[in-house]
file start_35.txt (compact mmCIF, C-alpha atoms)
# COMPACT_ATOMS: atom_id res chain seq x y z
CA MET A 1 21.93 12.08 -8.88
CA SER A 2 21.58 9.96 -5.74
CA ARG A 3 18.88 7.35 -5.43
CA PRO A 4 15.38 8.60 -4.58
CA VAL A 5 14.49 7.80 -0.97
CA ILE A 6 11.33 5.77 -0.36
CA GLY A 7 9.76 5.78 3.09
CA VAL A 8 8.15 2.50 4.14
CA SER A 9 5.59 2.20 6.95
CA CYS A 10 6.21 -0.67 9.34
CA SER A 11 4.58 -3.05 11.81
CA THR A 12 4.96 -3.24 15.57
CA LEU A 13 5.91 -6.76 16.70
CA VAL A 14 6.28 -8.44 20.06
CA LEU A 15 8.16 -11.66 19.35
CA PRO A 16 8.37 -14.77 21.58
CA GLY A 17 11.64 -14.98 23.44
CA MET A 18 12.27 -11.23 23.23
CA ARG A 19 11.02 -10.49 26.77
CA GLY A 20 7.93 -8.71 25.50
CA VAL A 21 9.88 -5.76 24.11
CA PRO A 22 8.05 -4.32 21.06
CA ARG A 23 9.97 -3.90 17.82
CA PHE A 24 9.34 -2.00 14.61
CA ALA A 25 9.75 -4.20 11.52
CA ILE A 26 9.26 -4.38 7.77
CA VAL A 27 9.36 -7.45 5.54
CA HIS A 28 12.59 -7.77 3.57
CA GLY A 29 10.65 -7.97 0.32
CA TYR A 30 9.76 -4.26 0.44
CA VAL A 31 13.41 -3.34 0.90
CA ASP A 32 14.57 -5.68 -1.85
CA ALA A 33 11.94 -4.45 -4.33
CA ILE A 34 12.75 -0.78 -3.72
CA LEU A 35 16.49 -1.41 -4.06
CA ALA A 36 15.96 -3.44 -7.25
CA ALA A 37 13.97 -0.55 -8.71
CA GLY A 38 16.76 1.92 -7.97
CA GLY A 39 15.40 3.47 -4.79
CA LEU A 40 16.74 3.72 -1.25
CA PRO A 41 14.33 2.44 1.43
CA MET A 42 13.86 4.21 4.77
CA MET A 43 11.75 2.81 7.62
CA PHE A 44 8.99 4.98 9.12
CA PRO A 45 8.42 3.85 12.73
CA ASN A 46 4.75 4.40 13.55
CA VAL A 47 5.13 6.72 16.50
CA GLU A 48 3.27 9.97 17.22
CA PRO A 49 1.32 11.22 14.18
CA GLU A 50 2.92 14.64 14.70
CA THR A 51 6.18 13.19 13.34
CA VAL A 52 4.73 12.52 9.88
CA GLU A 53 5.64 15.84 8.27
CA GLY A 54 9.21 15.55 9.52
CA TYR A 55 9.55 12.10 7.99
CA LEU A 56 8.17 13.27 4.65
CA ASP A 57 10.69 16.11 4.47
CA HIS A 58 13.39 13.47 3.97
CA VAL A 59 11.85 11.16 1.35
CA ASP A 60 10.77 11.30 -2.28
CA GLY A 61 8.03 8.65 -2.22
CA VAL A 62 6.20 6.34 0.17
CA VAL A 63 5.10 2.72 0.46
CA LEU A 64 2.20 1.94 2.79
CA SER A 65 2.93 -1.67 3.72
CA GLY A 66 0.78 -4.64 4.75
CA GLY A 67 -0.19 -5.76 8.23
CA LEU A 68 -3.11 -6.06 10.65
CA ASP A 69 -6.75 -5.08 10.13
CA VAL A 70 -7.79 -1.43 10.22
CA ASP A 71 -10.02 -0.54 13.17
CA PRO A 72 -13.57 0.06 11.82
CA VAL A 73 -14.01 3.01 14.18
CA HIS A 74 -12.18 5.02 11.51
CA TYR A 75 -15.00 4.49 9.00
CA ASP A 76 -17.85 4.68 11.50
CA GLU A 77 -18.71 0.97 11.73
CA GLU A 78 -18.97 -1.43 14.63
CA PRO A 79 -16.51 -4.34 14.68
CA HIS A 80 -17.60 -7.43 12.75
CA PRO A 81 -17.31 -10.77 14.63
CA LYS A 82 -14.56 -11.81 12.19
CA LEU A 83 -12.52 -8.63 12.62
CA GLY A 84 -8.90 -9.56 13.27
CA GLN A 85 -6.27 -7.93 15.46
CA VAL A 86 -5.84 -4.16 15.12
CA ASP A 87 -2.98 -1.81 16.02
CA VAL A 88 -4.38 1.44 17.39
CA GLY A 89 -1.08 3.30 17.26
CA ARG A 90 -0.26 2.22 13.74
CA ASP A 91 -3.73 3.19 12.51
CA ALA A 92 -3.39 6.67 14.00
CA PHE A 93 0.04 7.19 12.45
CA GLU A 94 -0.69 5.80 8.99
CA LEU A 95 -4.01 7.58 8.50
CA VAL A 96 -2.23 10.89 9.04
CA LEU A 97 0.66 9.69 6.86
CA ALA A 98 -1.63 8.78 3.95
CA ARG A 99 -3.39 12.15 4.02
CA ALA A 100 -0.10 14.03 4.22
CA VAL A 101 1.41 12.12 1.29
CA LEU A 102 -1.58 12.94 -0.90
CA ALA A 103 -1.62 16.56 0.24
CA ARG A 104 2.01 16.87 -0.85
CA GLN A 105 1.25 14.97 -4.08
CA MET A 106 4.12 12.59 -3.37
CA PRO A 107 4.43 9.26 -5.23
CA LEU A 108 2.67 6.50 -3.30
CA LEU A 109 2.34 2.73 -3.58
CA ALA A 110 -0.12 1.23 -1.06
CA ILE A 111 -0.03 -2.54 -0.51
CA CYS A 112 -2.70 -4.80 1.07
CA ARG A 113 -3.42 -3.16 4.45
CA GLY A 114 -1.85 -0.06 2.88
CA VAL A 115 -4.56 0.34 0.24
CA GLN A 116 -7.18 -0.15 2.96
CA VAL A 117 -5.56 2.58 5.09
CA LEU A 118 -5.41 4.86 2.06
CA ASN A 119 -9.08 4.35 1.25
CA VAL A 120 -10.19 4.91 4.86
CA ALA A 121 -7.94 7.96 5.25
CA MET A 122 -9.66 9.61 2.32
CA GLY A 123 -13.22 8.83 3.44
CA GLY A 124 -13.85 5.32 2.12
CA SER A 125 -14.88 2.17 3.99
CA LEU A 126 -13.90 -1.51 4.17
CA ILE A 127 -15.47 -4.93 3.91
CA GLN A 128 -14.45 -6.29 7.31
CA ASP A 129 -14.55 -9.98 6.35
CA ILE A 130 -14.84 -11.13 2.75
CA PRO A 131 -16.00 -14.74 3.39
CA SER A 132 -18.98 -13.66 5.49
CA GLN A 133 -19.84 -10.44 3.66
CA VAL A 134 -19.27 -11.19 -0.04
CA GLU A 135 -21.58 -13.78 -1.59
CA ALA A 136 -19.82 -16.52 -3.56
CA SER A 137 -16.43 -14.99 -2.89
CA LEU A 138 -13.12 -16.52 -3.85
CA ARG A 139 -10.72 -17.53 -1.12
CA HIS A 140 -8.61 -14.41 -0.66
CA ASP A 141 -6.77 -15.38 2.54
CA GLN A 142 -4.48 -18.06 1.13
CA ASP A 143 -1.93 -18.35 3.92
CA THR A 144 -1.27 -22.01 3.18
CA LEU A 145 0.24 -21.22 -0.23
CA GLN A 146 3.85 -20.27 -0.83
CA GLN A 147 4.32 -16.51 -0.79
CA ASP A 148 4.96 -16.30 -4.54
CA ALA A 149 2.01 -18.52 -5.49
CA LEU A 150 -0.44 -16.78 -7.83
CA ALA A 151 -3.79 -17.55 -6.21
CA HIS A 152 -6.38 -15.92 -8.48
CA SER A 153 -6.82 -13.55 -11.41
CA VAL A 154 -7.48 -9.81 -11.44
CA ASP A 155 -9.29 -8.06 -14.27
CA VAL A 156 -7.50 -4.78 -15.03
CA SER A 157 -9.30 -1.68 -16.25
CA ALA A 158 -8.12 -0.11 -19.49
CA ASN A 159 -6.62 3.39 -19.55
CA THR A 160 -5.28 3.17 -15.98
CA TRP A 161 -1.79 3.27 -14.52
CA LEU A 162 -2.14 -0.36 -13.53
CA GLY A 163 -3.16 -1.29 -17.06
CA ARG A 164 -0.18 0.52 -18.51
CA LEU A 165 2.23 -0.98 -15.99
CA CYS A 166 1.15 -4.58 -16.54
CA GLY A 167 0.36 -4.29 -20.25
CA ALA A 168 -2.54 -6.73 -19.92
CA ARG A 169 -6.25 -6.80 -19.13
CA ARG A 170 -5.94 -9.79 -16.79
CA VAL A 171 -3.15 -10.76 -14.39
CA ARG A 172 -2.70 -13.35 -11.65
CA VAL A 173 -1.73 -12.33 -8.13
CA ASN A 174 -1.06 -13.79 -4.70
CA SER A 175 -3.70 -13.24 -2.02
CA TYR A 176 -3.30 -12.85 1.76
CA HIS A 177 -6.22 -10.75 3.00
CA HIS A 178 -9.68 -11.22 4.48
CA GLN A 179 -10.66 -7.53 4.28
CA ALA A 180 -11.12 -5.39 1.18
CA LEU A 181 -12.31 -1.99 0.04
CA GLY A 182 -16.00 -1.26 0.42
CA ARG A 183 -17.08 2.28 -0.46
CA VAL A 184 -14.28 3.78 -2.57
CA ALA A 185 -13.01 7.20 -1.48
CA GLU A 186 -13.96 10.16 -3.63
CA GLY A 187 -11.53 10.87 -6.45
CA PHE A 188 -10.20 7.30 -6.65
CA VAL A 189 -10.97 4.93 -9.51
CA VAL A 190 -11.06 1.14 -9.39
CA SER A 191 -8.40 -0.29 -11.70
CA GLY A 192 -8.62 -3.98 -10.78
CA ARG A 193 -11.18 -6.51 -9.51
CA SER A 194 -11.08 -10.23 -8.86
CA PRO A 195 -13.72 -12.39 -10.60
CA ASP A 196 -15.99 -12.26 -7.51
CA GLY A 197 -16.13 -8.46 -7.72
CA VAL A 198 -13.76 -7.73 -4.83
CA ILE A 199 -11.72 -4.59 -5.46
CA GLU A 200 -8.07 -5.45 -5.99
CA ALA A 201 -6.61 -2.10 -7.10
CA VAL A 202 -7.43 1.60 -6.99
CA GLU A 203 -5.61 4.73 -8.07
CA GLN A 204 -5.90 8.51 -7.93
CA PRO A 205 -5.44 9.75 -11.50
CA ALA A 206 -5.18 13.41 -10.47
CA LEU A 207 -1.86 12.74 -8.71
CA PRO A 208 1.57 12.04 -10.23
CA PHE A 209 1.68 8.41 -9.02
CA CYS A 210 -0.80 6.93 -6.56
CA ILE A 211 -1.67 3.23 -6.81
CA GLY A 212 -3.02 0.84 -4.20
CA VAL A 213 -3.13 -2.94 -4.67
CA GLN A 214 -4.69 -5.61 -2.47
CA TRP A 215 -2.07 -8.28 -3.17
CA HIS A 216 1.60 -8.39 -2.10
CA PRO A 217 3.87 -7.61 -5.07
CA GLU A 218 6.94 -7.53 -2.80
CA ARG A 219 6.53 -11.31 -2.37
CA THR A 220 6.90 -11.98 -6.11
CA PRO A 221 10.18 -10.27 -7.00
CA THR A 222 10.54 -11.80 -10.47
CA ASP A 223 6.99 -10.93 -11.57
CA PRO A 224 6.99 -8.23 -14.29
CA LEU A 225 4.02 -6.57 -12.55
CA THR A 226 6.04 -6.26 -9.33
CA ARG A 227 8.86 -4.65 -11.26
CA GLY A 228 6.38 -2.35 -12.95
CA LEU A 229 4.76 -1.21 -9.70
CA PHE A 230 7.97 -0.56 -7.78
CA GLY A 231 9.71 0.73 -10.89
CA GLY A 232 6.88 3.19 -11.50
CA LEU A 233 7.01 4.39 -7.90
CA VAL A 234 10.78 4.91 -7.91
CA ALA A 235 10.78 6.57 -11.35
CA SER A 236 8.10 9.02 -10.21
CA ALA A 237 10.02 9.66 -6.98
CA ALA A 238 13.21 10.31 -8.96
CA GLU A 239 11.36 12.81 -11.14
CA ALA A 240 9.98 14.57 -8.07
CA ARG A 241 13.43 14.65 -6.48
CA GLY A 242 14.95 16.10 -9.65
CA ALA A 243 12.30 18.81 -9.81
CA ARG A 244 12.97 19.80 -6.19
CA VAL A 245 16.72 19.89 -6.74
CA ALA A 246 16.28 22.03 -9.85
CA ALA A 247 13.92 24.38 -8.04
CA GLY A 248 16.38 24.72 -5.17
CA SER A 249 19.25 25.46 -7.53
CA SER A 250 17.30 28.09 -9.43
CA GLY A 251 16.30 29.76 -6.18
CA ARG A 252 19.87 30.47 -5.12

call {"tool": "encode", "arguments": {"input": "start_35.txt", "output": "structure tokens"}}
result
Amino acid sequence: MSRPVIGVSCSTLVLPGMRGVPRFAIVHGYVDAILAAGGLPMMFPNVEPETVEGYLDHVDGVVLSGGLDVDPVHYDEEPHPKLGQVDVGRDAFELVLARAVLARQMPLLAICRGVQVLNVAMGGSLIQDIPSQVEASLRHDQDTLQQDALAHSVDVSANTWLGRLCGARRVRVNSYHHQALGRVAEGFVVSGRSPDGVIEAVEQPALPFCIGVQWHPERTPTDPLTRGLFGGLVASAAEARGARVAAGSSGR
């Protein structure tokens, strides 16, 4: 059987020296991690939300990738003074994408901004700026560290997908975010928190595979937890692909 196809959401970039022409882009780490796990990555340009269902017809699983802040208008809050840059078009596309993926019960791994989009799409809210809104918080936006540096620990809940994938009750992760989940969307469970109480991972246990993490596993390719997360996604996508192929064959 061919590799399961994993759709990856992407950023919109306007780079210096490129005459102001916007470009769609994804970090190589997502591609490398999906390939290493046995999947085949496919970029999802964030264009009109009406294209989402067409994209999903051609993939077996989805990664919601990292990026800019989510506009607080989507969870009925005014912008905090420390709110960073937002991408209106990407928000509109990915919120529809997240809902459609869950409606189809497709395997999903949501990373950093991705877990925030997922939570907001399903009715949750965000902490707009951890340093000013979480008392005695750790430093979560550690941009000065190397991308594979493990910045702080995460306490993992027992009897969760994350717990089974990492095989431990505490792990160390990198950290490149200043926002985090606030009110958790209905149906999701918290499977990881940093020592200051900030939510680091959630999952939807009613679905075949649906995990969101606040760190960037694609930046730590040799970490067993990275392999577990992407391996779990691709394995679930392969199972879903096999079931569809079998159903199609039996229907002839």

call {"tool": "residues_around", "arguments": {"input": "start_35.txt", "residues": "stretch 47-51 of chain A", "least_positions_apart": "5", "cutoff": "8 Å", "atoms": "all atoms listed in the file", "output": "PyMOL selection string"}}
result
chain A and resi 89-90+92-94+96-97

call {"tool": "write_last_selection", "arguments": {"input": "start_35.txt", "atoms": "C-alpha atoms", "output": "compact mmCIF listing (two decimals), keeping the file's coordinate frame"}}
result
# COMPACT_ATOMS: atom_id res chain seq x y z
CA GLY A 89 -1.08 3.30 17.26
CA ARG A 90 -0.26 2.22 13.74
CA ALA A 92 -3.39 6.67 14.00
CA PHE A 93 0.04 7.19 12.45
CA GLU A 94 -0.69 5.80 8.99
CA VAL A 96 -2.23 10.89 9.04
CA LEU A 97 0.66 9.69 6.86

call {"tool": "closest_atom_pairs", "arguments": {"input": "start_35.txt", "of": "stretch 106-167 of chain A", "to": "stretch 181-200 of chain A", "cutoff": "7 Å", "atoms": "only C-alpha atoms", "output": "JSON lines"}}
result
{"residue": "A:Gln116", "atom": "CA", "partner": "A:Leu181", "partner_atom": "CA", "distance": 6.2}
{"residue": "A:Asn119", "atom": "CA", "partner": "A:Ala185", "partner_atom": "CA", "distance": 5.6}
{"residue": "A:Met122", "atom": "CA", "partner": "A:Ala185", "partner_atom": "CA", "distance": 5.6}
{"residue": "A:Gly123", "atom": "CA", "partner": "A:Ala185", "partner_atom": "CA", "distance": 5.2}
{"residue": "A:Gly124", "atom": "CA", "partner": "A:Ala185", "partner_atom": "CA", "distance": 4.1}
{"residue": "A:Ser125", "atom": "CA", "partner": "A:Arg183", "partner_atom": "CA", "distance": 5.0}
{"residue": "A:Leu126", "atom": "CA", "partner": "A:Gly182", "partner_atom": "CA", "distance": 4.3}
{"residue": "A:Ile127", "atom": "CA", "partner": "A:Gly182", "partner_atom": "CA", "distance": 5.1}
{"residue": "A:Ala136", "atom": "CA", "partner": "A:Asp196", "partner_atom": "CA", "distance": 7.0}
{"residue": "A:Ser137", "atom": "CA", "partner": "A:Asp196", "partner_atom": "CA", "distance": 5.4}
{"residue": "A:Leu138", "atom": "CA", "partner": "A:Asp196", "partner_atom": "CA", "distance": 6.3}
{"residue": "A:Ser153", "atom": "CA", "partner": "A:Ser194", "partner_atom": "CA", "distance": 6.0}
{"residue": "A:Val154", "atom": "CA", "partner": "A:Ser194", "partner_atom": "CA", "distance": 4.4}
{"residue": "A:Asp155", "atom": "CA", "partner": "A:Arg193", "partner_atom": "CA", "distance": 5.4}
{"residue": "A:Val156", "atom": "CA", "partner": "A:Gly192", "partner_atom": "CA", "distance": 4.5}
{"residue": "A:Ser157", "atom": "CA", "partner": "A:Ser191", "partner_atom": "CA", "distance": 4.8}
{"residue": "A:Thr160", "atom": "CA", "partner": "A:Ser191", "partner_atom": "CA", "distance": 6.3}
{"residue": "A:Leu162", "atom": "CA", "partner": "A:Ser191", "partner_atom": "CA", "distance": 6.5}

call {"tool": "atom_distance", "arguments": {"input": "start_35.txt", "atom1": "atom CA of A:Leu150", "atom2": "atom CA of A:Arg164"}}
result
20.3 Å

call {"tool": "closest_residue", "arguments": {"input": "start_35.txt", "among": "A:Ile6, A:Thr226, A:Asp141, A:Phe24", "to": "A:Asp129", "atoms": "only C-alpha atoms"}}
result
A:Asp141

call {"tool": "closest_residue", "arguments": {"input": "start_35.txt", "among": "A:Gly7, A:Gly163, A:Gly248, A:Pro208", "to": "A:Arg104", "atoms": "only C-alpha atoms"}}
result
A:Pro208

call {"tool": "closest_residue", "arguments": {"input": "start_35.txt", "among": "A:Ile111, A:Val52, A:Leu233, A:Ala33", "to": "A:Phe209", "atoms": "all atoms listed in the file"}}
result
A:Leu233

call {"tool": "closest_residue", "arguments": {"input": "start_35.txt", "among": "A:Arg19, A:His74, A:Arg219, A:His178", "to": "A:Val134", "atoms": "only C-alpha atoms"}}
result
A:His178

call {"tool": "closest_residue", "arguments": {"input": "start_35.txt", "among": "A:Leu95, A:Val14, A:Ile26, A:Leu102", "to": "A:Pro205", "atoms": "all atoms listed in the file"}}
result
A:Leu102

call {"tool": "residues_around", "arguments": {"input": "start_35.txt", "residues": "A:Ala235", "least_positions_apart": "4", "cutoff": "10 Å", "atoms": "all atoms listed in the file", "output": "list in words"}}
result
Pro4, Ala37, Gly38, Gly39, Gly61, Pro107, Phe209, Leu229, Phe230, Gly231, Glu239, Ala240 and Arg241 of chain A

call {"tool": "atom_distance", "arguments": {"input": "start_35.txt", "atom1": "atom CA of A:Leu40", "atom2": "atom CA of A:Val8"}}
result
10.2 Å

call {"tool": "atom_distance", "arguments": {"input": "start_35.txt", "atom1": "atom CA of A:Gly67", "atom2": "atom CA of A:Val27"}}
result
10.1 Å

call {"tool": "axis_aligned_box", "arguments": {"input": "start_35.txt", "around": "stretch 25-32 of chain A", "padding_each_side": "6 Å", "output": "AutoDock Vina command-line options"}}
result
--center_x 11.9 --center_y -5.7 --center_z 4.8 --size_x 17.3 --size_y 16.6 --size_z 25.4

call {"tool": "residues_around", "arguments": {"input": "start_35.txt", "residues": "A:Asp91", "least_positions_apart": "6", "cutoff": "10 Å", "atoms": "only C-alpha atoms", "output": "ChimeraX atom specification"}}
result
/A:46,49,68-71,74,97,117,121

call {"tool": "closest_residue", "arguments": {"input": "start_35.txt", "among": "A:Leu64, A:Cys210, A:Cys112, A:Ala149", "to": "A:Thr222", "atoms": "all atoms listed in the file"}}
result
A:Ala149

call {"tool": "build_atoms", "arguments": {"input": "start_35.txt", "residues": "stretch 29-50 of chain A", "atoms": "N, CA and C atoms", "output": "PDB file, keeping the file's coordinate frame"}}
result
ATOM      1  N   GLY A  29      11.059  -8.112   1.713  1.00  0.00           N
ATOM      2  CA  GLY A  29      10.650  -7.970   0.320  1.00  0.00           C
ATOM      3  C   GLY A  29      10.445  -6.527  -0.114  1.00  0.00           C
ATOM      4  N   TYR A  30       9.932  -5.676   0.786  1.00  0.00           N
ATOM      5  CA  TYR A  30       9.760  -4.260   0.440  1.00  0.00           C
ATOM      6  C   TYR A  30      11.122  -3.613   0.179  1.00  0.00           C
ATOM      7  N   VAL A  31      12.065  -3.890   1.049  1.00  0.00           N
ATOM      8  CA  VAL A  31      13.410  -3.340   0.900  1.00  0.00           C
ATOM      9  C   VAL A  31      14.037  -3.808  -0.398  1.00  0.00           C
ATOM     10  N   ASP A  32      13.959  -5.116  -0.650  1.00  0.00           N
ATOM     11  CA  ASP A  32      14.570  -5.680  -1.850  1.00  0.00           C
ATOM     12  C   ASP A  32      13.950  -5.097  -3.121  1.00  0.00           C
ATOM     13  N   ALA A  33      12.624  -4.957  -3.134  1.00  0.00           N
ATOM     14  CA  ALA A  33      11.940  -4.450  -4.330  1.00  0.00           C
ATOM     15  C   ALA A  33      12.289  -2.989  -4.599  1.00  0.00           C
ATOM     16  N   ILE A  34      12.391  -2.195  -3.547  1.00  0.00           N
ATOM     17  CA  ILE A  34      12.750  -0.780  -3.720  1.00  0.00           C
ATOM     18  C   ILE A  34      14.189  -0.657  -4.209  1.00  0.00           C
ATOM     19  N   LEU A  35      15.099  -1.433  -3.622  1.00  0.00           N
ATOM     20  CA  LEU A  35      16.490  -1.410  -4.060  1.00  0.00           C
ATOM     21  C   LEU A  35      16.616  -1.855  -5.515  1.00  0.00           C
ATOM     22  N   ALA A  36      15.888  -2.923  -5.874  1.00  0.00           N
ATOM     23  CA  ALA A  36      15.960  -3.440  -7.250  1.00  0.00           C
ATOM     24  C   ALA A  36      15.459  -2.411  -8.249  1.00  0.00           C
ATOM     25  N   ALA A  37      14.517  -1.563  -7.827  1.00  0.00           N
ATOM     26  CA  ALA A  37      13.970  -0.550  -8.710  1.00  0.00           C
ATOM     27  C   ALA A  37      14.816   0.712  -8.764  1.00  0.00           C
ATOM     28  N   GLY A  38      15.865   0.769  -7.946  1.00  0.00           N
ATOM     29  CA  GLY A  38      16.760   1.920  -7.970  1.00  0.00           C
ATOM     30  C   GLY A  38      16.514   2.920  -6.860  1.00  0.00           C
ATOM     31  N   GLY A  39      15.677   2.579  -5.897  1.00  0.00           N
ATOM     32  CA  GLY A  39      15.400   3.470  -4.790  1.00  0.00           C
ATOM     33  C   GLY A  39      16.195   3.108  -3.550  1.00  0.00           C
ATOM     34  N   LEU A  40      16.095   3.951  -2.527  1.00  0.00           N
ATOM     35  CA  LEU A  40      16.740   3.720  -1.250  1.00  0.00           C
ATOM     36  C   LEU A  40      15.672   3.704  -0.163  1.00  0.00           C
ATOM     37  N   PRO A  41      15.411   2.531   0.455  1.00  0.00           N
ATOM     38  CA  PRO A  41      14.330   2.440   1.430  1.00  0.00           C
ATOM     39  C   PRO A  41      14.696   3.054   2.778  1.00  0.00           C
ATOM     40  N   MET A  42      13.698   3.663   3.427  1.00  0.00           N
ATOM     41  CA  MET A  42      13.860   4.210   4.770  1.00  0.00           C
ATOM     42  C   MET A  42      12.636   3.821   5.597  1.00  0.00           C
ATOM     43  N   MET A  43      12.857   3.227   6.765  1.00  0.00           N
ATOM     44  CA  MET A  43      11.750   2.810   7.620  1.00  0.00           C
ATOM     45  C   MET A  43      11.102   4.004   8.317  1.00  0.00           C
ATOM     46  N   PHE A  44       9.761   3.991   8.366  1.00  0.00           N
ATOM     47  CA  PHE A  44       8.990   4.980   9.120  1.00  0.00           C
ATOM     48  C   PHE A  44       8.416   4.300  10.367  1.00  0.00           C
ATOM     49  N   PRO A  45       9.051   4.380  11.515  1.00  0.00           N
ATOM     50  CA  PRO A  45       8.420   3.850  12.730  1.00  0.00           C
ATOM     51  C   PRO A  45       7.100   4.554  12.996  1.00  0.00           C
ATOM     52  N   ASN A  46       6.071   3.790  13.348  1.00  0.00           N
ATOM     53  CA  ASN A  46       4.750   4.400  13.550  1.00  0.00           C
ATOM     54  C   ASN A  46       4.630   4.913  14.987  1.00  0.00           C
ATOM     55  N   VAL A  47       5.173   6.086  15.181  1.00  0.00           N
ATOM     56  CA  VAL A  47       5.130   6.720  16.500  1.00  0.00           C
ATOM     57  C   VAL A  47       4.057   7.817  16.486  1.00  0.00           C
ATOM     58  N   GLU A  48       4.286   8.932  17.160  1.00  0.00           N
ATOM     59  CA  GLU A  48       3.270   9.970  17.220  1.00  0.00           C
ATOM     60  C   GLU A  48       2.964  10.517  15.826  1.00  0.00           C
ATOM     61  N   PRO A  49       1.679  10.690  15.494  1.00  0.00           N
ATOM     62  CA  PRO A  49       1.320  11.220  14.180  1.00  0.00           C
ATOM     63  C   PRO A  49       1.949  12.584  13.873  1.00  0.00           C
ATOM     64  N   GLU A  50       2.309  13.335  14.908  1.00  0.00           N
ATOM     65  CA  GLU A  50       2.920  14.640  14.700  1.00  0.00           C
ATOM     66  C   GLU A  50       4.285  14.554  14.018  1.00  0.00           C
TER      67      GLU A  50
END
